[in-house]
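Printed here is work_9.cif (mmCIF, N, CA and C atoms):
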data_my_file
#
loop_
_atom_site.label_atom_id
_atom_site.label_comp_id
_atom_site.auth_asym_id
_atom_site.auth_seq_id
_atom_site.Cartn_x
_atom_site.Cartn_y
_atom_site.Cartn_z
N MET A 1173 107.47 16.93 98.11
CA MET A 1173 107.58 16.46 99.48
C MET A 1173 107.45 17.68 100.41
N SER A 1174 106.70 17.51 101.47
CA SER A 1174 106.49 18.65 102.38
C SER A 1174 107.75 18.92 103.19
N ILE A 1175 107.81 20.13 103.72
CA ILE A 1175 108.99 20.56 104.48
C ILE A 1175 109.15 19.75 105.76
N VAL A 1176 108.04 19.31 106.33
CA VAL A 1176 108.10 18.54 107.58
C VAL A 1176 108.76 17.19 107.35
N LYS A 1177 108.51 16.59 106.22
CA LYS A 1177 109.12 15.28 105.92
C LYS A 1177 110.60 15.43 105.57
N ARG A 1178 111.01 16.60 105.05
CA ARG A 1178 112.39 16.81 104.64
C ARG A 1178 113.31 17.17 105.81
N LEU A 1179 112.73 17.59 106.93
CA LEU A 1179 113.56 18.04 108.06
C LEU A 1179 114.35 16.88 108.66
N PRO A 1180 115.61 17.12 108.99
CA PRO A 1180 116.42 16.10 109.69
C PRO A 1180 116.08 16.12 111.18
N TRP A 1181 115.09 15.35 111.56
CA TRP A 1181 114.51 15.45 112.90
C TRP A 1181 115.48 15.07 114.01
N ILE A 1182 116.35 14.12 113.77
CA ILE A 1182 117.26 13.68 114.84
C ILE A 1182 118.20 14.81 115.24
N SER A 1183 118.81 15.48 114.27
CA SER A 1183 119.72 16.56 114.61
C SER A 1183 118.98 17.77 115.17
N LEU A 1184 117.77 18.03 114.70
CA LEU A 1184 117.00 19.16 115.24
C LEU A 1184 116.52 18.89 116.67
N VAL A 1185 116.21 17.64 116.96
CA VAL A 1185 115.85 17.29 118.35
C VAL A 1185 117.07 17.42 119.26
N LEU A 1186 118.25 17.08 118.74
CA LEU A 1186 119.47 17.28 119.52
C LEU A 1186 119.71 18.76 119.81
N VAL A 1187 119.45 19.62 118.82
CA VAL A 1187 119.56 21.06 119.04
C VAL A 1187 118.55 21.50 120.09
N LEU A 1188 117.33 21.02 119.98
CA LEU A 1188 116.28 21.36 120.93
C LEU A 1188 116.65 20.94 122.35
N LEU A 1189 117.15 19.73 122.50
CA LEU A 1189 117.51 19.23 123.83
C LEU A 1189 118.73 19.95 124.41
N SER A 1190 119.72 20.23 123.56
CA SER A 1190 120.91 20.90 124.09
C SER A 1190 120.59 22.33 124.52
N TYR A 1191 119.76 23.01 123.77
CA TYR A 1191 119.38 24.36 124.19
C TYR A 1191 118.40 24.34 125.36
N SER A 1192 117.63 23.27 125.50
CA SER A 1192 116.73 23.19 126.65
C SER A 1192 117.51 23.01 127.96
N THR A 1193 118.66 22.36 127.90
CA THR A 1193 119.48 22.29 129.11
C THR A 1193 120.02 23.66 129.48
N LEU A 1194 120.34 24.47 128.47
CA LEU A 1194 120.76 25.84 128.73
C LEU A 1194 119.61 26.65 129.32
N GLY A 1195 118.43 26.49 128.77
CA GLY A 1195 117.25 27.19 129.31
C GLY A 1195 116.94 26.75 130.72
N TRP A 1196 117.09 25.47 131.00
CA TRP A 1196 116.87 24.96 132.36
C TRP A 1196 117.87 25.59 133.32
N GLY A 1197 119.13 25.62 132.92
CA GLY A 1197 120.17 26.20 133.78
C GLY A 1197 119.94 27.68 134.04
N LEU A 1198 119.54 28.41 133.02
CA LEU A 1198 119.24 29.83 133.21
C LEU A 1198 118.04 30.02 134.13
N SER A 1199 117.05 29.18 133.96
CA SER A 1199 115.86 29.29 134.81
C SER A 1199 116.18 28.91 136.24
N GLU A 1200 117.05 27.94 136.41
CA GLU A 1200 117.41 27.48 137.74
C GLU A 1200 118.16 28.56 138.53
N THR A 1201 118.96 29.36 137.83
CA THR A 1201 119.68 30.43 138.51
C THR A 1201 118.83 31.68 138.70
N GLN A 1202 117.60 31.64 138.20
CA GLN A 1202 116.67 32.76 138.28
C GLN A 1202 117.30 34.01 137.67
N ALA A 1203 117.79 33.84 136.46
CA ALA A 1203 118.47 34.92 135.75
C ALA A 1203 117.48 36.03 135.43
N PRO A 1204 117.91 37.29 135.56
CA PRO A 1204 117.02 38.40 135.22
C PRO A 1204 116.78 38.49 133.71
N LEU A 1205 115.86 39.35 133.34
CA LEU A 1205 115.44 39.47 131.94
C LEU A 1205 116.59 39.87 131.02
N TYR A 1206 117.48 40.75 131.47
CA TYR A 1206 118.57 41.17 130.59
C TYR A 1206 119.53 40.02 130.29
N VAL A 1207 119.66 39.07 131.20
CA VAL A 1207 120.51 37.90 130.93
C VAL A 1207 119.84 37.03 129.87
N TRP A 1208 118.53 36.86 129.96
CA TRP A 1208 117.81 36.09 128.94
C TRP A 1208 117.95 36.75 127.58
N ILE A 1209 117.82 38.08 127.53
CA ILE A 1209 117.95 38.79 126.26
C ILE A 1209 119.37 38.65 125.71
N THR A 1210 120.36 38.70 126.60
CA THR A 1210 121.75 38.52 126.17
C THR A 1210 121.95 37.12 125.60
N PHE A 1211 121.40 36.11 126.24
CA PHE A 1211 121.55 34.74 125.74
C PHE A 1211 120.80 34.55 124.42
N ILE A 1212 119.65 35.19 124.27
CA ILE A 1212 118.91 35.08 123.01
C ILE A 1212 119.71 35.72 121.88
N LEU A 1213 120.31 36.87 122.14
CA LEU A 1213 121.15 37.51 121.13
C LEU A 1213 122.40 36.67 120.83
N THR A 1214 122.96 36.04 121.87
CA THR A 1214 124.11 35.17 121.67
C THR A 1214 123.74 33.95 120.82
N VAL A 1215 122.57 33.39 121.06
CA VAL A 1215 122.09 32.27 120.25
C VAL A 1215 121.92 32.72 118.80
N LEU A 1216 121.39 33.91 118.60
CA LEU A 1216 121.23 34.44 117.25
C LEU A 1216 122.57 34.57 116.54
N VAL A 1217 123.57 35.10 117.24
CA VAL A 1217 124.90 35.25 116.64
C VAL A 1217 125.54 33.88 116.39
N LEU A 1218 125.39 32.96 117.34
CA LEU A 1218 125.98 31.62 117.18
C LEU A 1218 125.37 30.90 115.99
N VAL A 1219 124.06 30.90 115.89
CA VAL A 1219 123.40 30.20 114.78
C VAL A 1219 123.76 30.87 113.46
N ALA A 1220 123.84 32.19 113.46
CA ALA A 1220 124.24 32.89 112.23
C ALA A 1220 125.66 32.55 111.84
N SER A 1221 126.55 32.45 112.82
CA SER A 1221 127.94 32.12 112.49
C SER A 1221 128.08 30.68 112.01
N LEU A 1222 127.19 29.81 112.45
CA LEU A 1222 127.26 28.42 111.99
C LEU A 1222 126.71 28.26 110.58
N THR A 1223 125.88 29.20 110.12
CA THR A 1223 125.32 29.07 108.78
C THR A 1223 126.04 29.91 107.74
N VAL A 1224 127.07 30.65 108.15
CA VAL A 1224 127.86 31.43 107.20
C VAL A 1224 128.75 30.46 106.42
N PRO A 1225 128.88 30.66 105.12
CA PRO A 1225 129.75 29.77 104.34
C PRO A 1225 131.21 29.87 104.78
N TRP A 1226 131.94 28.78 104.65
CA TRP A 1226 133.33 28.74 105.10
C TRP A 1226 134.21 29.69 104.30
N SER A 1227 133.85 29.98 103.07
CA SER A 1227 134.67 30.89 102.27
C SER A 1227 134.65 32.29 102.86
N ALA A 1228 133.51 32.72 103.40
CA ALA A 1228 133.43 34.04 104.03
C ALA A 1228 134.23 34.08 105.32
N ILE A 1229 134.22 32.99 106.05
CA ILE A 1229 134.99 32.93 107.29
C ILE A 1229 136.49 32.97 106.99
N SER A 1230 136.93 32.23 105.99
CA SER A 1230 138.36 32.21 105.67
C SER A 1230 138.83 33.56 105.16
N LYS A 1231 137.95 34.31 104.49
CA LYS A 1231 138.32 35.63 104.00
C LYS A 1231 138.61 36.58 105.16
N TYR A 1232 137.83 36.49 106.23
CA TYR A 1232 138.04 37.38 107.37
C TYR A 1232 139.07 36.86 108.37
N SER A 1233 139.31 35.57 108.39
CA SER A 1233 140.26 35.02 109.35
C SER A 1233 141.70 35.40 109.01
N THR A 1234 141.99 35.67 107.76
CA THR A 1234 143.35 36.07 107.40
C THR A 1234 143.70 37.45 107.94
N LEU A 1235 142.69 38.24 108.27
CA LEU A 1235 142.94 39.57 108.84
C LEU A 1235 143.59 39.47 110.22
N LEU A 1236 143.36 38.35 110.91
CA LEU A 1236 143.86 38.20 112.28
C LEU A 1236 145.35 37.92 112.35
N VAL A 1237 145.95 37.41 111.29
CA VAL A 1237 147.35 36.99 111.35
C VAL A 1237 148.23 37.70 110.33
N ARG A 1238 147.85 38.90 109.94
CA ARG A 1238 148.64 39.62 108.94
C ARG A 1238 149.91 40.22 109.52
N SER A 1239 149.93 40.52 110.81
CA SER A 1239 151.14 41.11 111.40
C SER A 1239 151.54 40.31 112.63
N ASN A 1240 152.76 40.56 113.11
CA ASN A 1240 153.25 39.84 114.28
C ASN A 1240 152.47 40.22 115.53
N ILE A 1241 152.07 41.47 115.65
CA ILE A 1241 151.32 41.90 116.83
C ILE A 1241 149.95 41.23 116.86
N ARG A 1242 149.29 41.16 115.72
CA ARG A 1242 147.99 40.48 115.67
C ARG A 1242 148.14 38.99 115.96
N SER A 1243 149.18 38.38 115.42
CA SER A 1243 149.41 36.95 115.68
C SER A 1243 149.65 36.72 117.17
N PHE A 1244 150.42 37.59 117.80
CA PHE A 1244 150.67 37.48 119.23
C PHE A 1244 149.37 37.65 120.02
N ALA A 1245 148.56 38.62 119.63
CA ALA A 1245 147.30 38.86 120.33
C ALA A 1245 146.35 37.67 120.18
N VAL A 1246 146.28 37.10 118.99
CA VAL A 1246 145.42 35.93 118.77
C VAL A 1246 145.93 34.73 119.57
N THR A 1247 147.24 34.54 119.62
CA THR A 1247 147.82 33.44 120.39
C THR A 1247 147.57 33.63 121.89
N THR A 1248 147.74 34.84 122.38
CA THR A 1248 147.48 35.11 123.79
C THR A 1248 146.01 34.90 124.13
N PHE A 1249 145.14 35.37 123.26
CA PHE A 1249 143.70 35.18 123.48
C PHE A 1249 143.35 33.69 123.46
N GLY A 1250 143.96 32.93 122.55
CA GLY A 1250 143.73 31.49 122.50
C GLY A 1250 144.20 30.79 123.77
N ALA A 1251 145.34 31.22 124.31
CA ALA A 1251 145.82 30.65 125.57
C ALA A 1251 144.87 30.98 126.72
N PHE A 1252 144.34 32.20 126.71
CA PHE A 1252 143.37 32.58 127.74
C PHE A 1252 142.11 31.74 127.63
N LEU A 1253 141.64 31.51 126.40
CA LEU A 1253 140.46 30.67 126.22
C LEU A 1253 140.72 29.23 126.66
N PHE A 1254 141.95 28.74 126.42
CA PHE A 1254 142.30 27.41 126.88
C PHE A 1254 142.29 27.34 128.41
N PHE A 1255 142.78 28.39 129.08
CA PHE A 1255 142.72 28.44 130.53
C PHE A 1255 141.27 28.43 131.02
N LEU A 1256 140.41 29.22 130.38
CA LEU A 1256 138.99 29.24 130.76
C LEU A 1256 138.35 27.87 130.54
N MET A 1257 138.77 27.20 129.47
CA MET A 1257 138.23 25.88 129.19
C MET A 1257 138.57 24.91 130.32
N LEU A 1258 139.80 24.98 130.80
CA LEU A 1258 140.19 24.09 131.89
C LEU A 1258 139.57 24.49 133.22
N ALA A 1259 139.47 25.81 133.45
CA ALA A 1259 138.92 26.28 134.72
C ALA A 1259 137.43 25.99 134.84
N TRP A 1260 136.70 26.17 133.76
CA TRP A 1260 135.26 25.93 133.77
C TRP A 1260 134.94 24.81 132.78
N PHE A 1261 135.39 23.62 133.11
CA PHE A 1261 135.29 22.50 132.18
C PHE A 1261 133.84 22.12 131.89
N GLN A 1262 132.96 22.16 132.89
CA GLN A 1262 131.56 21.79 132.69
C GLN A 1262 130.87 22.76 131.74
N ILE A 1263 131.14 24.05 131.91
CA ILE A 1263 130.56 25.05 131.01
C ILE A 1263 131.10 24.87 129.60
N PHE A 1264 132.40 24.55 129.50
CA PHE A 1264 133.00 24.30 128.19
C PHE A 1264 132.33 23.12 127.50
N LEU A 1265 132.08 22.04 128.24
CA LEU A 1265 131.44 20.87 127.64
C LEU A 1265 130.02 21.18 127.19
N ASP A 1266 129.27 21.95 127.99
CA ASP A 1266 127.92 22.33 127.58
C ASP A 1266 127.95 23.19 126.32
N THR A 1267 128.89 24.12 126.26
CA THR A 1267 129.02 24.98 125.08
C THR A 1267 129.43 24.15 123.87
N LEU A 1268 130.33 23.22 124.06
CA LEU A 1268 130.76 22.35 122.95
C LEU A 1268 129.59 21.50 122.45
N LEU A 1269 128.75 21.03 123.35
CA LEU A 1269 127.57 20.26 122.96
C LEU A 1269 126.62 21.10 122.12
N ILE A 1270 126.39 22.35 122.53
CA ILE A 1270 125.48 23.23 121.80
C ILE A 1270 126.04 23.53 120.41
N ILE A 1271 127.33 23.83 120.33
CA ILE A 1271 127.95 24.13 119.04
C ILE A 1271 127.93 22.90 118.14
N SER A 1272 128.23 21.74 118.70
CA SER A 1272 128.24 20.51 117.89
C SER A 1272 126.85 20.17 117.37
N ALA A 1273 125.84 20.35 118.20
CA ALA A 1273 124.47 20.08 117.74
C ALA A 1273 124.07 21.05 116.64
N GLY A 1274 124.48 22.31 116.77
CA GLY A 1274 124.18 23.29 115.73
C GLY A 1274 124.88 22.97 114.42
N ILE A 1275 126.14 22.55 114.49
CA ILE A 1275 126.88 22.18 113.28
C ILE A 1275 126.25 20.96 112.62
N LEU A 1276 125.86 19.98 113.42
CA LEU A 1276 125.21 18.79 112.87
C LEU A 1276 123.91 19.15 112.18
N ALA A 1277 123.12 20.03 112.80
CA ALA A 1277 121.86 20.46 112.18
C ALA A 1277 122.12 21.19 110.88
N ARG A 1278 123.14 22.04 110.86
CA ARG A 1278 123.47 22.78 109.64
C ARG A 1278 123.87 21.83 108.52
N ILE A 1279 124.70 20.85 108.84
CA ILE A 1279 125.14 19.89 107.82
C ILE A 1279 123.96 19.08 107.31
N ASP A 1280 123.10 18.62 108.22
CA ASP A 1280 121.95 17.83 107.80
C ASP A 1280 120.97 18.66 106.96
N LEU A 1281 120.73 19.89 107.38
CA LEU A 1281 119.82 20.74 106.61
C LEU A 1281 120.39 21.05 105.24
N GLN A 1282 121.68 21.23 105.16
CA GLN A 1282 122.33 21.52 103.89
C GLN A 1282 122.31 20.29 102.98
N SER A 1283 122.51 19.12 103.56
CA SER A 1283 122.53 17.91 102.74
C SER A 1283 121.14 17.54 102.23
N VAL A 1284 120.10 17.95 102.94
CA VAL A 1284 118.74 17.68 102.49
C VAL A 1284 118.34 18.65 101.37
N GLY A 1285 119.01 19.80 101.31
CA GLY A 1285 118.74 20.72 100.22
C GLY A 1285 118.17 22.06 100.63
N PHE A 1286 118.20 22.37 101.91
CA PHE A 1286 117.73 23.67 102.36
C PHE A 1286 118.77 24.73 102.03
N LYS A 1287 118.29 25.91 101.69
CA LYS A 1287 119.19 27.03 101.41
C LYS A 1287 119.72 27.59 102.72
N GLN A 1288 120.72 28.46 102.61
CA GLN A 1288 121.41 29.00 103.79
C GLN A 1288 120.43 29.73 104.72
N ARG A 1289 119.59 30.56 104.18
CA ARG A 1289 118.64 31.32 104.99
C ARG A 1289 117.62 30.40 105.66
N GLN A 1290 117.15 29.39 104.94
CA GLN A 1290 116.20 28.44 105.51
C GLN A 1290 116.84 27.65 106.65
N ALA A 1291 118.08 27.23 106.45
CA ALA A 1291 118.79 26.49 107.51
C ALA A 1291 118.97 27.37 108.74
N PHE A 1292 119.29 28.64 108.53
CA PHE A 1292 119.43 29.57 109.64
C PHE A 1292 118.13 29.71 110.41
N LEU A 1293 117.04 29.93 109.70
CA LEU A 1293 115.74 30.14 110.36
C LEU A 1293 115.27 28.89 111.10
N ILE A 1294 115.45 27.73 110.50
CA ILE A 1294 115.01 26.49 111.14
C ILE A 1294 115.85 26.21 112.39
N THR A 1295 117.16 26.37 112.28
CA THR A 1295 118.03 26.14 113.44
C THR A 1295 117.75 27.15 114.53
N LEU A 1296 117.54 28.41 114.16
CA LEU A 1296 117.22 29.44 115.14
C LEU A 1296 115.90 29.14 115.84
N LEU A 1297 114.91 28.70 115.08
CA LEU A 1297 113.61 28.36 115.66
C LEU A 1297 113.74 27.24 116.69
N PHE A 1298 114.46 26.20 116.35
CA PHE A 1298 114.63 25.08 117.27
C PHE A 1298 115.50 25.47 118.47
N SER A 1299 116.47 26.36 118.27
CA SER A 1299 117.32 26.80 119.38
C SER A 1299 116.52 27.62 120.38
N LEU A 1300 115.76 28.58 119.89
CA LEU A 1300 114.96 29.42 120.79
C LEU A 1300 113.83 28.61 121.44
N ALA A 1301 113.28 27.67 120.70
CA ALA A 1301 112.26 26.79 121.28
C ALA A 1301 112.86 25.94 122.38
N GLY A 1302 114.11 25.52 122.20
CA GLY A 1302 114.79 24.75 123.25
C GLY A 1302 115.01 25.57 124.51
N LEU A 1303 115.41 26.83 124.35
CA LEU A 1303 115.55 27.71 125.52
C LEU A 1303 114.23 27.84 126.27
N ALA A 1304 113.17 28.09 125.51
CA ALA A 1304 111.85 28.24 126.14
C ALA A 1304 111.39 26.93 126.77
N LEU A 1305 111.65 25.82 126.12
CA LEU A 1305 111.26 24.52 126.66
C LEU A 1305 111.99 24.23 127.97
N GLY A 1306 113.27 24.56 128.02
CA GLY A 1306 114.03 24.35 129.26
C GLY A 1306 113.47 25.16 130.41
N LYS A 1307 113.10 26.41 130.13
CA LYS A 1307 112.52 27.25 131.18
C LYS A 1307 111.16 26.70 131.62
N LEU A 1308 110.33 26.32 130.66
CA LEU A 1308 109.01 25.79 131.00
C LEU A 1308 109.11 24.48 131.78
N LEU A 1309 110.02 23.60 131.38
CA LEU A 1309 110.19 22.35 132.11
C LEU A 1309 110.69 22.59 133.53
N HIS A 1310 111.61 23.52 133.69
CA HIS A 1310 112.11 23.83 135.03
C HIS A 1310 111.00 24.40 135.91
N ILE A 1311 110.21 25.29 135.35
CA ILE A 1311 109.11 25.88 136.12
C ILE A 1311 108.09 24.81 136.50
N SER A 1312 107.74 23.96 135.56
CA SER A 1312 106.73 22.93 135.85
C SER A 1312 107.23 21.91 136.86
N PHE A 1313 108.49 21.50 136.75
CA PHE A 1313 109.03 20.55 137.73
C PHE A 1313 109.23 21.17 139.10
N SER A 1314 109.64 22.41 139.15
CA SER A 1314 109.87 23.05 140.46
C SER A 1314 108.55 23.31 141.17
N HIS A 1315 107.48 23.60 140.41
CA HIS A 1315 106.17 23.80 141.04
C HIS A 1315 105.55 22.47 141.48
N SER A 1316 105.82 21.41 140.74
CA SER A 1316 105.25 20.12 141.11
C SER A 1316 105.95 19.54 142.33
N LEU A 1317 107.21 19.90 142.56
CA LEU A 1317 107.94 19.39 143.72
C LEU A 1317 107.64 20.17 144.99
N SER A 1318 107.20 21.41 144.86
CA SER A 1318 106.96 22.20 146.08
C SER A 1318 105.50 22.23 146.45
#
What does the file become when written as structure tokens?
Amino acid sequence: MSIVKRLPWISLVLVLLSYSTLGWGLSETQAPLYVWITFILTVLVLVASLTVPWSAISKYSTLLVRSNIRSFAVTTFGAFLFFLMLAWFQIFLDTLLIISAGILARIDLQSVGFKQRQAFLITLLFSLAGLALGKLLHISFSHSLS
């Protein structure tokens, strides 16, 4: 069976659409090149973190709570993130949508039988294509309206 037939298209289209809204938003704010590069690197890190096995994550997560000071710092940081979530609720929802679409794509790619590296590359390709699609759509719509 070819790779195109094996792809979970629904979840990959969701990844494409969720990242295209991010690309549209970045294009709408007329973000400079360094912001685009920062977001591309962030997408790379996010997709990589979603394709890392859970056993590797659990091995490193125990480092955060080995002492009382680290536990306090993690708790304080979590409270700060909760405050940011409430303060910027729309941004939090957009971020949650992007993460959820990435997790869904990872699960679907894994259940179809793709290896970890293949799932990473496919998800990264669709994520970056979504960013580019959002920018292109914003440019084309803004030029057609003016």
For this session: Around the point (118.2, 23.7, 128.1), in the coordinates given by the file, pick out the residues reaching within 12 Å, counting only C-alpha atoms, and return them as a ChimeraX atom specification.
Result: /A:1185-1200,1211,1266-1267,1269-1270,1298-1310
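Distances here use only C-alpha atoms; by that measure, the residue among A:Val1207, A:Leu1296, A:Leu1258, A:Val1215 closest to A:Ala1277 is A:Leu1296.
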Exercise. Which polymer residues have any atom within 12 Å of an atom of A:Ile1294, counting only C-alpha atoms, with same-chain residues fewer than 5 positions away left out, as number ranges by chain?
Worked result: A: 1175-1176, 1178-1181, 1183-1185, 1187-1188, 1216, 1219-1220, 1223, 1274, 1277-1278, 1280-1282, 1286-1289, 1299-1301
Might I get the box with edges along x, y and z of the file that holds all atoms of stretch 1208-1220 of chain A listed there, padded by 8 Å on every side, given as centre and edge lengths in Å to one decimal, as JSON?
{"center_x": 121.9, "center_y": 34.5, "center_z": 120.9, "size_x": 24.2, "size_y": 24.6, "size_z": 34.1}
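Comparing A:Ser1239, A:Phe1313, A:Leu1297, A:Leu1222 by their smallest distance to A:Ile1275, the closest is A:Leu1222 (using all atoms listed in the file).
A straight line drawn from atom N of A:Ile1311 to atom CA of A:Ala1203 is 12.7 Å long.
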Problem set entry | Between atom C of A:Gln1290 and atom N of A:Val1224, distance in Å (one decimal) | 10.8 Å
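In terms of minimum interatomic distance to A:Ile1271, A:Leu1218 ranks closest within A:Leu1293, A:Phe1252, A:Leu1218, A:Met1257, counting all atoms listed in the file.
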